[in-house]
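*Asks:* Pasting structure.cif below, which is mmCIF, C-alpha atoms.
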```cif
data_input
loop_
_atom_site.label_atom_id
_atom_site.label_comp_id
_atom_site.auth_asym_id
_atom_site.auth_seq_id
_atom_site.Cartn_x
_atom_site.Cartn_y
_atom_site.Cartn_z
CA MET A 1 -71.29 -2.35 10.36
CA GLN A 2 -73.83 -2.83 7.59
CA SER A 3 -73.12 -1.32 4.21
CA LYS A 4 -75.75 0.99 2.73
CA LEU A 5 -76.12 2.76 -0.57
CA ILE A 6 -75.38 6.41 -0.01
CA GLU A 7 -77.38 8.60 -2.32
CA LEU A 8 -78.08 11.77 -0.41
CA ASN A 9 -79.59 15.02 -1.53
CA ASN A 10 -77.16 17.50 0.01
CA PRO A 11 -73.81 17.67 1.85
CA VAL A 12 -75.44 18.54 5.18
CA GLU A 13 -77.23 15.19 5.20
CA GLU A 14 -73.94 13.42 4.57
CA GLU A 15 -72.26 15.27 7.43
CA LEU A 16 -75.01 14.04 9.72
CA TYR A 17 -74.74 10.55 8.26
CA LEU A 18 -70.98 10.11 8.27
CA GLY A 19 -69.94 12.81 10.68
CA ASP A 20 -66.52 14.45 10.57
CA SER A 21 -64.70 11.55 12.22
CA GLU A 22 -61.86 9.75 10.52
CA PRO A 23 -62.65 6.40 8.89
CA PRO A 24 -62.59 3.72 11.63
CA PHE A 25 -60.49 1.39 9.47
CA THR A 26 -57.13 1.38 7.72
CA LEU A 27 -55.83 0.29 4.34
CA GLN A 28 -54.42 -2.77 6.07
CA ASP A 29 -57.89 -3.66 7.43
CA LEU A 30 -59.35 -3.46 3.96
CA LYS A 31 -56.54 -5.41 2.31
CA ALA A 32 -56.82 -8.19 4.90
CA ALA A 33 -60.51 -8.62 4.05
CA ILE A 34 -59.84 -9.24 0.34
CA PRO A 35 -58.90 -12.75 -0.83
CA PRO A 36 -55.16 -12.69 -1.65
CA GLU A 37 -55.75 -14.07 -5.15
CA CYS A 38 -57.58 -10.85 -6.07
CA PHE A 39 -54.26 -9.03 -6.11
CA VAL A 40 -52.65 -11.50 -8.52
CA PRO A 41 -53.07 -10.76 -12.25
CA SER A 42 -53.37 -13.66 -14.66
CA THR A 43 -51.69 -12.87 -17.96
CA LYS A 44 -53.69 -15.60 -19.72
CA ARG A 45 -57.01 -14.33 -18.38
CA SER A 46 -56.12 -10.72 -19.17
CA LEU A 47 -55.10 -11.67 -22.71
CA PHE A 48 -58.40 -13.51 -23.11
CA TYR A 49 -60.37 -10.32 -22.44
CA PHE A 50 -58.10 -8.33 -24.76
CA LEU A 51 -58.47 -10.84 -27.60
CA VAL A 52 -62.24 -11.07 -27.11
CA ASP A 53 -62.51 -7.27 -27.40
CA VAL A 54 -60.35 -7.22 -30.52
CA GLY A 55 -62.35 -10.08 -32.01
CA ILE A 56 -65.69 -8.34 -31.42
CA ILE A 57 -64.31 -5.13 -32.92
CA GLY A 58 -63.27 -7.07 -36.01
CA ILE A 59 -66.67 -8.77 -36.32
CA LEU A 60 -68.49 -5.43 -36.01
CA TYR A 61 -66.32 -3.96 -38.76
CA ALA A 62 -67.06 -6.93 -41.00
CA ILE A 63 -70.83 -6.68 -40.44
CA ALA A 64 -70.90 -2.91 -41.01
CA SER A 65 -68.83 -3.22 -44.18
CA TYR A 66 -71.05 -5.98 -45.53
CA LEU A 67 -74.34 -4.18 -44.85
CA ASP A 68 -73.04 -0.66 -45.65
CA SER A 69 -76.35 1.09 -45.01
CA TRP A 70 -77.16 4.38 -43.31
CA TRP A 71 -79.72 2.44 -41.31
CA VAL A 72 -76.81 0.46 -39.89
CA TRP A 73 -74.03 3.00 -39.40
CA PRO A 74 -75.45 4.79 -36.30
CA VAL A 75 -76.02 1.43 -34.59
CA PHE A 76 -72.51 0.39 -35.58
CA TRP A 77 -71.06 3.61 -34.16
CA LEU A 78 -72.76 3.02 -30.83
CA ALA A 79 -71.68 -0.63 -30.61
CA GLN A 80 -68.15 -0.11 -31.91
CA GLY A 81 -67.56 3.01 -29.82
CA THR A 82 -68.56 1.00 -26.75
CA MET A 83 -66.04 -1.66 -27.73
CA PHE A 84 -63.37 1.02 -28.20
CA TRP A 85 -64.16 2.02 -24.63
CA ALA A 86 -63.89 -1.60 -23.46
CA LEU A 87 -60.50 -1.83 -25.19
CA PHE A 88 -59.44 1.34 -23.39
CA VAL A 89 -60.29 -0.29 -20.04
CA VAL A 90 -58.02 -3.22 -20.89
CA GLY A 91 -55.22 -0.74 -21.61
CA HIS A 92 -56.15 0.95 -18.33
CA ASP A 93 -55.30 -2.30 -16.52
CA CYS A 94 -51.97 -2.34 -18.34
CA GLY A 95 -51.26 1.18 -17.14
CA HIS A 96 -51.79 0.10 -13.55
CA GLY A 97 -49.68 -3.02 -13.94
CA SER A 98 -52.74 -5.16 -13.21
CA PHE A 99 -52.84 -6.81 -16.65
CA SER A 100 -49.69 -8.84 -16.04
CA ARG A 101 -46.79 -9.03 -13.62
CA LYS A 102 -44.45 -8.58 -16.57
CA LYS A 103 -43.82 -4.92 -17.37
CA TRP A 104 -43.04 -5.55 -21.04
CA ILE A 105 -46.39 -7.30 -21.52
CA ASN A 106 -48.22 -4.42 -19.86
CA ASN A 107 -46.46 -1.94 -22.14
CA LEU A 108 -46.99 -4.01 -25.30
CA ILE A 109 -50.70 -4.69 -24.77
CA GLY A 110 -51.19 -1.17 -23.41
CA HIS A 111 -49.95 0.27 -26.70
CA LEU A 112 -51.92 -2.24 -28.78
CA ALA A 113 -55.08 -1.32 -26.86
CA HIS A 114 -54.59 2.44 -26.74
CA ILE A 115 -52.78 3.59 -29.88
CA PRO A 116 -55.54 2.41 -32.30
CA ILE A 117 -58.03 4.58 -30.38
CA LEU A 118 -55.60 7.52 -30.36
CA VAL A 119 -54.57 7.40 -26.72
CA PRO A 120 -50.83 8.00 -26.05
CA TYR A 121 -50.35 5.07 -23.70
CA HIS A 122 -47.40 6.22 -21.58
CA GLY A 123 -48.47 9.85 -21.48
CA TRP A 124 -51.92 8.85 -20.26
CA ARG A 125 -50.55 6.18 -17.91
CA ILE A 126 -48.33 8.64 -16.10
CA SER A 127 -50.91 11.41 -15.74
CA HIS A 128 -53.43 8.81 -14.57
CA ARG A 129 -50.93 7.70 -11.94
CA THR A 130 -50.90 11.28 -10.65
CA HIS A 131 -54.70 11.25 -10.49
CA HIS A 132 -54.75 8.06 -8.42
CA LYS A 133 -52.11 9.31 -6.00
CA ASN A 134 -54.08 12.51 -5.39
CA THR A 135 -57.75 11.59 -5.76
CA GLY A 136 -60.01 13.91 -3.79
CA ASN A 137 -57.28 16.52 -3.27
CA ILE A 138 -58.39 19.86 -4.73
CA ASP A 139 -54.84 21.14 -5.05
CA THR A 140 -53.06 18.12 -6.54
CA ASP A 141 -55.60 15.89 -8.30
CA GLU A 142 -54.98 15.70 -12.03
CA SER A 143 -58.39 15.13 -13.64
CA TRP A 144 -62.04 16.04 -12.99
CA TYR A 145 -61.12 18.09 -9.92
CA PRO A 146 -63.31 21.09 -9.05
CA VAL A 147 -62.39 24.68 -9.77
CA THR A 148 -62.69 27.18 -6.94
CA GLU A 149 -65.30 29.92 -6.81
CA SER A 150 -62.76 32.61 -7.71
CA GLN A 151 -61.47 30.51 -10.63
CA TYR A 152 -65.03 29.99 -11.83
CA ARG A 153 -65.75 33.72 -11.72
CA GLU A 154 -62.64 34.47 -13.79
CA MET A 155 -63.20 31.65 -16.29
CA PRO A 156 -64.03 32.89 -19.82
CA ALA A 157 -67.51 32.07 -21.10
CA TYR A 158 -66.19 29.71 -23.78
CA GLU A 159 -64.21 27.76 -21.18
CA LYS A 160 -67.28 27.42 -18.96
CA PHE A 161 -69.22 26.16 -21.95
CA VAL A 162 -66.59 23.56 -22.82
CA ARG A 163 -66.20 22.39 -19.23
CA PHE A 164 -69.79 22.43 -17.98
CA ASN A 165 -72.01 21.95 -21.03
CA ALA A 166 -73.18 18.40 -21.72
CA LEU A 167 -71.79 18.72 -25.26
CA ALA A 168 -68.34 18.93 -23.68
CA LEU A 169 -68.39 15.15 -23.46
CA LEU A 170 -67.75 15.09 -27.22
CA VAL A 171 -64.48 17.00 -26.97
CA ALA A 172 -63.35 16.79 -23.33
CA TYR A 173 -60.86 13.96 -23.70
CA PRO A 174 -59.02 15.11 -26.85
CA LEU A 175 -58.68 18.59 -25.35
CA TYR A 176 -57.40 17.08 -22.10
CA LEU A 177 -54.74 15.10 -23.99
CA PHE A 178 -53.44 18.18 -25.78
CA LYS A 179 -53.95 20.95 -23.21
CA GLY A 180 -54.37 19.41 -19.78
CA THR A 181 -56.95 20.78 -17.37
CA PRO A 182 -57.80 24.33 -16.19
CA GLY A 183 -55.00 25.71 -14.07
CA LYS A 184 -52.78 22.71 -14.82
CA PRO A 185 -51.77 22.94 -18.47
CA GLY A 186 -49.62 20.28 -20.05
CA SER A 187 -49.62 18.10 -23.15
CA HIS A 188 -49.61 14.31 -22.91
CA PHE A 189 -47.34 14.30 -25.95
CA LEU A 190 -44.48 16.44 -24.61
CA PRO A 191 -41.91 15.36 -22.00
CA SER A 192 -41.97 18.94 -20.68
CA ASN A 193 -45.34 18.30 -19.01
CA PRO A 194 -44.75 18.76 -15.25
CA VAL A 195 -46.43 15.42 -14.42
CA PHE A 196 -43.67 13.55 -16.27
CA ARG A 197 -40.39 12.70 -14.58
CA PRO A 198 -37.13 13.25 -16.52
CA SER A 199 -36.59 9.47 -16.50
CA GLU A 200 -39.93 9.03 -18.34
CA LYS A 201 -38.95 11.21 -21.30
CA TRP A 202 -38.47 8.36 -23.76
CA ASP A 203 -41.64 6.59 -22.65
CA VAL A 204 -43.59 9.72 -23.50
CA ILE A 205 -41.77 10.17 -26.83
CA THR A 206 -42.34 6.49 -27.76
CA SER A 207 -46.10 6.70 -27.23
CA ALA A 208 -46.34 10.10 -28.94
CA THR A 209 -44.46 8.73 -31.95
CA LEU A 210 -46.74 5.68 -32.22
CA TRP A 211 -49.77 7.95 -31.83
CA THR A 212 -48.50 10.11 -34.70
CA LEU A 213 -47.98 7.03 -36.88
CA MET A 214 -51.56 5.93 -36.16
CA LEU A 215 -52.83 9.36 -37.13
CA GLY A 216 -50.75 9.15 -40.32
CA CYS A 217 -52.25 5.74 -41.07
CA LEU A 218 -55.75 7.15 -40.74
CA GLY A 219 -54.75 10.02 -43.01
CA TRP A 220 -53.43 7.62 -45.65
CA LEU A 221 -56.61 5.49 -45.51
CA THR A 222 -58.70 8.64 -45.82
CA TYR A 223 -56.66 9.66 -48.88
CA GLN A 224 -57.30 6.24 -50.41
CA TRP A 225 -61.01 5.88 -49.60
CA GLY A 226 -62.29 9.37 -48.84
CA TRP A 227 -63.63 11.39 -45.93
CA MET A 228 -66.87 9.45 -45.79
CA TRP A 229 -64.90 6.28 -45.10
CA LEU A 230 -63.22 8.02 -42.17
CA VAL A 231 -66.55 9.19 -40.75
CA LYS A 232 -68.26 5.82 -41.12
CA TYR A 233 -65.44 3.58 -39.94
CA TYR A 234 -63.58 5.70 -37.41
CA VAL A 235 -64.91 9.13 -36.42
CA GLY A 236 -68.35 7.78 -35.48
CA PRO A 237 -67.06 5.04 -33.12
CA TYR A 238 -64.31 7.32 -31.82
CA GLU A 239 -66.80 9.98 -30.72
CA VAL A 240 -68.90 7.37 -28.91
CA PHE A 241 -65.74 6.15 -27.17
CA VAL A 242 -64.83 9.70 -26.11
CA VAL A 243 -68.32 10.21 -24.67
CA TRP A 244 -68.11 6.96 -22.72
CA LEU A 245 -64.69 7.86 -21.33
CA ALA A 246 -65.71 11.37 -20.30
CA LEU A 247 -69.09 10.28 -18.92
CA VAL A 248 -67.76 7.43 -16.80
CA THR A 249 -64.87 9.48 -15.43
CA PHE A 250 -67.19 12.40 -14.71
CA LEU A 251 -69.73 10.27 -12.85
CA HIS A 252 -67.16 8.53 -10.67
CA HIS A 253 -65.69 11.79 -9.41
CA THR A 254 -68.37 14.46 -9.75
CA ASP A 255 -71.29 14.35 -7.35
CA PRO A 256 -72.76 16.99 -5.00
CA ASP A 257 -72.51 14.56 -2.06
CA ILE A 258 -68.84 13.62 -2.47
CA PRO A 259 -66.36 15.63 -0.36
CA TRP A 260 -63.11 17.16 -1.58
CA TYR A 261 -60.19 17.95 0.72
CA ARG A 262 -57.43 20.50 1.12
CA GLY A 263 -54.05 20.48 2.81
CA LYS A 264 -53.45 18.28 5.83
CA ASP A 265 -57.11 17.21 5.96
CA TRP A 266 -56.43 15.00 2.91
CA TYR A 267 -54.69 11.67 2.86
CA PHE A 268 -54.77 8.80 0.37
CA LEU A 269 -57.52 6.65 1.88
CA LYS A 270 -59.92 9.55 2.44
CA GLY A 271 -59.34 10.68 -1.12
CA ALA A 272 -59.85 7.18 -2.51
CA LEU A 273 -63.19 7.01 -0.71
CA SER A 274 -64.27 10.23 -2.43
CA THR A 275 -65.49 8.36 -5.48
CA ILE A 276 -68.71 6.53 -6.23
CA ASP A 277 -69.68 3.25 -7.86
CA HIS A 278 -72.23 3.19 -10.67
CA ASP A 279 -74.29 0.41 -12.20
CA TYR A 280 -74.19 0.47 -16.02
CA GLY A 281 -76.60 -2.42 -16.46
CA PHE A 282 -75.76 -4.84 -19.26
CA ILE A 283 -72.73 -2.64 -20.12
CA ASN A 284 -71.01 -3.69 -16.87
CA ASN A 285 -69.48 -6.85 -18.31
CA ILE A 286 -68.81 -5.27 -21.69
CA HIS A 287 -66.64 -2.52 -20.22
CA HIS A 288 -65.05 -4.85 -17.70
CA ASN A 289 -66.88 -3.69 -14.55
CA ILE A 290 -65.14 -0.33 -14.41
CA GLY A 291 -68.19 0.86 -12.46
CA THR A 292 -66.70 -0.82 -9.37
CA HIS A 293 -64.60 2.27 -8.88
CA VAL A 294 -64.26 2.58 -5.10
CA ALA A 295 -62.30 -0.66 -4.73
CA HIS A 296 -60.23 0.26 -7.79
CA HIS A 297 -59.16 3.55 -6.24
CA ILE A 298 -58.25 1.95 -2.93
CA PHE A 299 -56.28 -0.91 -4.51
CA LEU A 300 -55.39 -0.05 -8.09
CA SER A 301 -53.32 -3.19 -8.59
CA ILE A 302 -56.43 -5.39 -8.59
CA PRO A 303 -57.30 -6.64 -12.11
CA HIS A 304 -60.74 -5.66 -13.38
CA TYR A 305 -62.01 -9.24 -13.19
CA HIS A 306 -61.47 -9.31 -9.41
CA LEU A 307 -63.01 -5.93 -8.59
CA LYS A 308 -66.51 -7.26 -7.86
CA THR A 309 -65.14 -9.83 -5.43
CA ALA A 310 -62.94 -7.22 -3.76
CA THR A 311 -65.85 -4.78 -3.47
CA GLU A 312 -68.08 -7.33 -1.76
CA ALA A 313 -65.24 -8.20 0.61
CA ILE A 314 -64.63 -4.64 1.80
CA LYS A 315 -68.22 -3.36 1.89
CA PRO A 316 -68.88 -4.69 5.43
CA ILE A 317 -65.79 -2.84 6.66
CA LEU A 318 -66.44 0.36 4.72
CA GLY A 319 -70.02 0.49 5.97
CA ASN A 320 -71.45 3.92 5.31
CA TYR A 321 -68.17 5.07 3.77
CA TYR A 322 -68.95 2.97 0.71
CA ARG A 323 -70.77 4.99 -1.92
CA LYS A 324 -72.82 3.55 -4.73
CA SER A 325 -75.38 5.46 -6.74
CA ASN A 326 -78.87 3.99 -6.90
CA ARG A 327 -79.71 6.24 -9.83
CA SER A 328 -79.40 5.30 -13.46
CA VAL A 329 -76.35 6.61 -15.29
CA PHE A 330 -78.44 9.25 -17.09
CA GLN A 331 -80.22 10.33 -13.90
CA ALA A 332 -76.88 10.68 -12.13
CA PHE A 333 -75.47 12.78 -14.96
CA LEU A 334 -78.55 15.00 -15.16
CA ARG A 335 -78.24 15.56 -11.40
CA SER A 336 -74.52 16.31 -11.24
CA ASN A 337 -73.91 18.20 -14.47
CA PRO A 338 -76.12 21.22 -13.63
CA SER A 339 -75.20 21.31 -9.93
CA CYS A 340 -71.43 20.71 -9.78
CA HIS A 341 -69.61 23.84 -10.95
CA PHE A 342 -67.17 24.94 -8.23
CA VAL A 343 -66.14 24.65 -4.59
CA THR A 344 -65.52 27.45 -2.10
CA ASP A 345 -62.10 29.12 -2.00
CA THR A 346 -61.54 28.08 1.59
CA GLY A 347 -62.35 25.12 3.79
CA ALA A 348 -60.59 21.85 4.53
CA LYS A 349 -63.55 19.71 3.47
CA VAL A 350 -65.79 21.11 0.75
CA TYR A 351 -68.51 20.05 -1.66
CA TYR A 352 -69.51 21.05 -5.14
CA LYS A 353 -71.81 24.02 -5.53
CA SER A 354 -73.98 25.17 -8.41
CA LYS A 355 -73.46 28.45 -10.25
CA LYS A 356 -76.82 29.44 -8.77
CA GLU A 357 -75.12 29.54 -5.38
CA LEU A 358 -72.48 32.10 -6.34
CA GLN A 359 -72.03 34.54 -3.51
CA LYS A 360 -73.21 38.03 -4.31
CA ASP A 361 -70.58 40.73 -4.45
#
```
Would you mind writing the file's structure down as structure tokens?
*Replies:*
Amino acid sequence: MQSKLIELNNPVEEELYLGDSEPPFTLQDLKAAIPPECFVPSTKRSLFYFLVDVGIIGILYAIASYLDSWWVWPVFWLAQGTMFWALFVVGHDCGHGSFSRKKWINNLIGHLAHIPILVPYHGWRISHRTHHKNTGNIDTDESWYPVTESQYREMPAYEKFVRFNALALLVAYPLYLFKGTPGKPGSHFLPSNPVFRPSEKWDVITSATLWTLMLGCLGWLTYQWGWMWLVKYYVGPYEVFVVWLALVTFLHHTDPDIPWYRGKDWYFLKGALSTIDHDYGFINNIHHNIGTHVAHHIFLSIPHYHLKTATEAIKPILGNYYRKSNRSVFQAFLRSNPSCHFVTDTGAKVYYKSKKELQKD
């Protein structure tokens, strides 16, 4: 079966293309096609990528501080915010246990990668685990899942603006950390969040405490050097990082041609296939090839530096079930953002609809 790039214009075309049949392969088939070494993390190699990211971040800070010009700061924000995002992806590997086979190393580097960019490592790690276990399931997915038509109708105007306006990318992630998602409230800083197990209480408290200390450190530096220092050296890069995180996550899970499932029609493999790869051009290597998202969702224990090899290995088996956008990142966003607002209240397999398609009362 030859693999093709699926980039269809409407769900009906995909139904004709894929049909309603179950995937003609299993997880075992896919795993057998991937070289065994792809599943083995190398602590030394993982540390190399972490140290390179930290080194580049340090160099960018040194250059910006030396030049200290308003002609430079916006460029610095864009570059440094992208490196914050790359550092997040390294911590993302730690959260999946694909940075190292040693748990303590994953937790140590995960905190070192995430706390400086104000991500509560354990709180995020656990909620992200829930997302991966339930990808494509309307009822149980944890992030970037669609609201139903009835939920959309009842949603206050301000909430629609925050969720569906392009400017939401600037605030989506901080709000998610503190409040959770619509219909599934819960703070990543409190053990009372339903996604946390009782046994994970102290993990959550540890990361929340370190996050608070980082915030206090930023406050102290701001007191010493002023608000403009904070804007130039931290807020600017942080906002670029937040946009990258929200944009990438949005694109991998929000597309009018990707199906969502309910009830018994969902199972792990079908849900994992309900994501889409994107090509970020020269950014691919900088943010550790996170655009190879289909393979990552099927086998989340694969380190980022093996994802391209794993993807090429499973594409012949996936065939038309492998999805990769042939649009640019901006084209994909401009297509999905105005057309993916809700799904119908009923149906075992559903697709995003636009607010223009709201049924008339």
*Asks:* Choose the residue, out of A:Ala313, A:Val240, A:Ile138, A:Ala348, that has the smallest atom-to-atom separation from A:Val75; count only C-alpha atoms.
*Replies:* A:Val240
*Asks:* Determine the residue membership of the PyMOL selection byres ((chain A and resi 101) around 12) for the file above and supply it as a ChimeraX atom specification.
*Replies:* /A:39-44,46,93-100,102-107,301-303
*Asks:* Record the distance separating atom CA of A:His122 and atom CA of A:Val235, expressed in Å with one decimal.
*Replies:* 23.1 Å
*Asks:* I'd like the interatomic distance between atom CA of A:Leu358 and atom CA of A:Phe330, to a tenth of an Å.
*Replies:*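 Atom-to-atom, atom CA of A:Leu358 to atom CA of A:Phe330, that is 25.9 Å.
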*Asks:* Suppose a student applies the PyMOL selection byres ((chain A and resi 167-169) around 10) to this structure; what residues should they get, written as a ChimeraX atom specification?
*Replies:* /A:160-166,170-175,239-240,242-247,250
*Asks:* Spell out the residues picked by the PyMOL selection byres ((chain A and resi 253) around 12) here, as a PyMOL selection string.
*Replies:* chain A and resi 131-132+135-138+141-146+246-252+254-260+271-278+291+293-294+297+323-325+332-333+336-337+340+351-352
*Asks:* Selection from above, C-alpha atoms, as an mmCIF file, keeping the file's coordinate frame, can you write it?
*Replies:*
```cif
data_model
loop_
_atom_site.group_PDB
_atom_site.id
_atom_site.type_symbol
_atom_site.label_atom_id
_atom_site.label_comp_id
_atom_site.auth_asym_id
_atom_site.auth_seq_id
_atom_site.Cartn_x
_atom_site.Cartn_y
_atom_site.Cartn_z
ATOM 1 C CA HIS A 131 -54.700 11.250 -10.490
ATOM 2 C CA HIS A 132 -54.750 8.060 -8.420
ATOM 3 C CA THR A 135 -57.750 11.590 -5.760
ATOM 4 C CA GLY A 136 -60.010 13.910 -3.790
ATOM 5 C CA ASN A 137 -57.280 16.520 -3.270
ATOM 6 C CA ILE A 138 -58.390 19.860 -4.730
ATOM 7 C CA ASP A 141 -55.600 15.890 -8.300
ATOM 8 C CA GLU A 142 -54.980 15.700 -12.030
ATOM 9 C CA SER A 143 -58.390 15.130 -13.640
ATOM 10 C CA TRP A 144 -62.040 16.040 -12.990
ATOM 11 C CA TYR A 145 -61.120 18.090 -9.920
ATOM 12 C CA PRO A 146 -63.310 21.090 -9.050
ATOM 13 C CA ALA A 246 -65.710 11.370 -20.300
ATOM 14 C CA LEU A 247 -69.090 10.280 -18.920
ATOM 15 C CA VAL A 248 -67.760 7.430 -16.800
ATOM 16 C CA THR A 249 -64.870 9.480 -15.430
ATOM 17 C CA PHE A 250 -67.190 12.400 -14.710
ATOM 18 C CA LEU A 251 -69.730 10.270 -12.850
ATOM 19 C CA HIS A 252 -67.160 8.530 -10.670
ATOM 20 C CA THR A 254 -68.370 14.460 -9.750
ATOM 21 C CA ASP A 255 -71.290 14.350 -7.350
ATOM 22 C CA PRO A 256 -72.760 16.990 -5.000
ATOM 23 C CA ASP A 257 -72.510 14.560 -2.060
ATOM 24 C CA ILE A 258 -68.840 13.620 -2.470
ATOM 25 C CA PRO A 259 -66.360 15.630 -0.360
ATOM 26 C CA TRP A 260 -63.110 17.160 -1.580
ATOM 27 C CA GLY A 271 -59.340 10.680 -1.120
ATOM 28 C CA ALA A 272 -59.850 7.180 -2.510
ATOM 29 C CA LEU A 273 -63.190 7.010 -0.710
ATOM 30 C CA SER A 274 -64.270 10.230 -2.430
ATOM 31 C CA THR A 275 -65.490 8.360 -5.480
ATOM 32 C CA ILE A 276 -68.710 6.530 -6.230
ATOM 33 C CA ASP A 277 -69.680 3.250 -7.860
ATOM 34 C CA HIS A 278 -72.230 3.190 -10.670
ATOM 35 C CA GLY A 291 -68.190 0.860 -12.460
ATOM 36 C CA HIS A 293 -64.600 2.270 -8.880
ATOM 37 C CA VAL A 294 -64.260 2.580 -5.100
ATOM 38 C CA HIS A 297 -59.160 3.550 -6.240
ATOM 39 C CA ARG A 323 -70.770 4.990 -1.920
ATOM 40 C CA LYS A 324 -72.820 3.550 -4.730
ATOM 41 C CA SER A 325 -75.380 5.460 -6.740
ATOM 42 C CA ALA A 332 -76.880 10.680 -12.130
ATOM 43 C CA PHE A 333 -75.470 12.780 -14.960
ATOM 44 C CA SER A 336 -74.520 16.310 -11.240
ATOM 45 C CA ASN A 337 -73.910 18.200 -14.470
ATOM 46 C CA CYS A 340 -71.430 20.710 -9.780
ATOM 47 C CA TYR A 351 -68.510 20.050 -1.660
ATOM 48 C CA TYR A 352 -69.510 21.050 -5.140
#
```
*Asks:* Ranking A:Val350, A:Val72, A:Val89, A:Val119 by minimum distance to A:Trp266 and counting all atoms listed in the file, which one comes first?
*Replies:*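 Nearest to A:Trp266: A:Val350.
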*Asks:* Just give me the gap between atom CA of A:Leu269 and atom CA of A:Leu27 in Å, one decimal is fine.
*Replies:*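 Separation between atom CA of A:Leu269 and atom CA of A:Leu27: 7.0 Å.
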*Asks:* In terms of the shortest atom-to-atom distance over all atoms listed in the file, which of A:Ala113, A:Val90, A:Ala32, A:Ile57 is closest to A:Asn289?
*Replies:*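 Smallest separation from A:Asn289 among the options: A:Val90.
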*Asks:* Contacts between stretch 204-208 of chain A and stretch 5-119 of chain A, please, where a residue of stretch 5-119 of chain A counts if it comes within 10 Å (with all atoms listed in the file); show its shortest atom pair and distance in Å to one decimal, rows by chain and ascending number, as a Markdown table.
*Replies:*
```
| residue | atom | partner | partner_atom | distance |
| --- | --- | --- | --- | --- |
| A:His111 | CA | A:Ser207 | CA | 7.5 |
| A:His114 | CA | A:Ser207 | CA | 9.5 |
| A:Ile115 | CA | A:Ser207 | CA | 7.8 |
| A:Leu118 | CA | A:Ala208 | CA | 9.7 |
| A:Val119 | CA | A:Ser207 | CA | 8.5 |
```
*Asks:* Restricting the calculation to all atoms listed in the file, which member of A:Leu47, A:Lys270, A:Thr140, A:Asn326 is positioned closest to A:Thr181?
*Replies:*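 Nearest candidate to A:Thr181 out of A:Leu47, A:Lys270, A:Thr140, A:Asn326: A:Thr140.
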*Asks:* Using only C-alpha atoms, which residue out of A:Met155, A:Leu60, A:Leu108, A:Leu210 lies closest to A:Leu78?
*Replies:*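 Of the candidates, the smallest distance to A:Leu78 is held by A:Leu60.
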*Asks:* Could you check which of A:Tyr61, A:Phe84, A:Tyr233, A:Phe196 is closest to A:Leu221, using all atoms listed in the file?
*Replies:*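 Among the listed residues, A:Tyr233 lies closest to A:Leu221.
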